[in-house]
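Peer 1: Following this message is one structure expressed as structure tokens.
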Amino acid sequence: MTVHGHSAKSLVDFARGEISREVFVNEEIYQEELERVFTRGWLYVGHTSQIKKPGDYFVSCMGEESVILTRDPAGKVHVFLNTCRHRGMKVCRYDEGHTVHFVCPYHGWSYATDGRLVGVPQAEKAYRPPLDRSQWALIEVAQIAQYRGTVWATWDHSAPALLDYLGEAKLALDLALGAWDGSDEETELLGSVQKWLIPANWKFVAENFSGDGLHVVSHRSVDLVGIGPTDGEGRRDDPGKLMMTTSPQWGHGLTFSYLPPDPNRTDYAASPAASQYFKQCWKKRIERMGDRAGLQAVVGTIFPNLSFHGQQPRTLLVAHPRGVAKTEMWRVYFADRNAPEEVKQFLRHYYIRYSGPAGMTEQDDMENWNYATAASRGSIARRYPYNYKAGLGAEETNEMVPGVVTNHPISLTTEQNPRNFYKRWAEFMDAKSWRDLKPSQVDDLSEHRR
Ligand code: FES
Ligand SMILES: [Fe+2]
């Protein structure tokens, strides 16, 4: 990709920690992102608890494009482009539901939940020779994969397997998506998706959740209000010592935490039922996991646009691009499937006062992203790069977690994860195909090590 004759790499000065504002405000770059990032990367499209039975569907998005996540009569999961093969009409205009066929409202073509074109009105009169329906099925993604209840898809046949692509983030997802007692029990979504639009570039969202400890200053008011699940205390219970962790080859940014396991923890003290439930969970978690029970995945971004909170709250967020300065936020909340209903309801209330359009913490974040986008679009503003120098040279390792790590107590003062996110972004933007997108070398970060 070139913008004004420059490659994406030239806009991202990884070694110096400077990134051109064009990356966030340039329309040409945005269009190129849709092509080069969103048709090649693995994208989160939904959760298996949204399509439990054959015929269940959930209308999701990959980049700007609508897709249908569904389960066919044989139980196989599919992801189809939500467009009719006849004249392009959206074949499914609902958010989610259950159906036998997707019937296009325009001229009535109908498709089975395995994508086959099964009905064409007036077909016998209209087509000579007869229409070969097998050539006009719904368009299906190149690859689909599931991981601990999450469903992912990519349009690229040559993309590596999802498990390879997740790299160091696999551990974070294991911790974030697993049952709190450390067992193989499932988690499930609480209700459906909160969706809302913000006037910000999607990468502000992705980089923030990849690991931006320095922005906690903007959450001061929430901390003072004390929205946490233990009365009068900050936004969340003590997560322990934080480790800012980069997946150097794949561009994911993760924040792990560690607190020595203690079966008498007093988390969620504002609710006796939740407090009791999590105490039991901790006990079992310690039995199962030993010292590693205290390891948690607090927050992170899987490149490009799936972010998660894995501890308090527990949520997934997709930052869908809708324009260079517009992002559609889709947030879901989840909890242990076997948790008592009273505990789930307590968690739901806590989660939505933290995150989502009405969540106090997310409101702080959105103010920042929205104004930063607006204030960076001008002719003068875009001449000056952003500063991502914090923590340059502080990268280390930690035996508890994989990847490149900035350790406690300076973990919250580094911008290593956003830096690495944009390094990977530039690789995607400049590469002609996955052949050129083989993971960058771990040693690439050694230039920053002190
Ligand atoms: S556009 Fe779907 S049937 Fe014509
Ligand atoms: Fe925040």
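Each chain in the structure tokens gets a letter, A, B and so on, in the order shown; residues start at 1 in every chain, and ligands are counted from 1 in the order they appear.
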Just the residues within 7 Å of Thr301 of chain A, please, counting only C-alpha atoms, with nothing from its chain fewer than 5 positions along; format it as a PyMOL selection string.

Peer 2: chain A and resi 206+209-210+252-254+306-308

Peer 1: Give me the residues within 10 Å of segment 105-108 of chain A as a list of chain:residue names, counting only C-alpha atoms and dropping any in the same chain fewer than 5 places off.

Peer 2: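 The residues satisfying every condition are A:Cys84, A:His86, A:Arg87, A:Gly88, A:Met89, A:Lys90, A:Val91, A:Cys92, A:Arg93, A:Gly119, A:Val120, A:Pro121, A:Gln122.
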
Peer 1: Selection from above, C-alpha atoms, as a JSON list (two decimals), in the first residue's frame, can you write it?

Peer 2:
[["chain", "number", "residue", "atom", "x", "y", "z"],
["A", 84, "CYS", "CA", -28.43, -12.39, -2.27],
["A", 86, "HIS", "CA", -29.48, -12.52, -7.57],
["A", 87, "ARG", "CA", -29.27, -8.76, -7.13],
["A", 88, "GLY", "CA", -27.46, -8.28, -3.85],
["A", 89, "MET", "CA", -30.33, -7.69, -1.42],
["A", 90, "LYS", "CA", -29.58, -8.44, 2.21],
["A", 91, "VAL", "CA", -31.14, -11.87, 2.63],
["A", 92, "CYS", "CA", -31.48, -11.59, 6.39],
["A", 93, "ARG", "CA", -32.54, -8.26, 7.86],
["A", 119, "GLY", "CA", -36.03, -21.79, -4.08],
["A", 120, "VAL", "CA", -36.29, -19.57, -7.17],
["A", 121, "PRO", "CA", -39.80, -18.27, -7.95],
["A", 122, "GLN", "CA", -40.88, -18.79, -11.56]]

Peer 1: Find the residues near segment 218-220 of chain A: any atom within 12 Å, counting only C-alpha atoms, skip ones fewer than 2 places away on the same chain, and give them as a list in words.

Peer 2: Asp212, Gly213, Leu214, His215, Val216, Val222, Asp223, Leu224, Val225, Gly226, Ile227, Gly234, Arg235, Arg236, Tyr354, Gly359, Met360, Thr361, Glu362, Gln363, Asp364, Asp365, Met366, Glu367, Asn368 and Trp369 of chain A

Peer 1: May I ask for the distance between atom CA of Phe204 of chain A and atom CA of Pro313 of chain A, given in Å to one decimal place?

Peer 2: 20.3 Å

Peer 1: Taking the backbone alone, and naming residues the way the document does, which bits of segment 96-259 of chain A are helix (DSSP H, G or I) by DSSP, as number ranges by chain?

Peer 2: A: 123-126, 133-135, 162-166, 169-177, 202-211, 213-225

Peer 1: Pick the closest to Tyr388 of chain A from A:Trp180, A:Tyr111, A:Phe421, A:Trp202: which is it, counting only C-alpha atoms?

Peer 2: A:Phe421

Peer 1: Considering only C-alpha atoms and all ligand atoms, can you say which of A:Val100, A:Ala339, A:Val217, A:Met329 comes closest to ligand 2?

Peer 2: A:Val217

Peer 1: For Val318 of chain A, which of A:Arg419, A:Lys203, A:Arg148, A:Lys344 is the closest residue, counting only C-alpha atoms?

Peer 2: A:Lys203

Peer 1: Of the candidates A:Pro160, A:Pro439, A:Pro129, A:Pro402, which shows the shortest atom-to-atom distance to Thr255 of chain A, using only C-alpha atoms?

Peer 2: A:Pro402
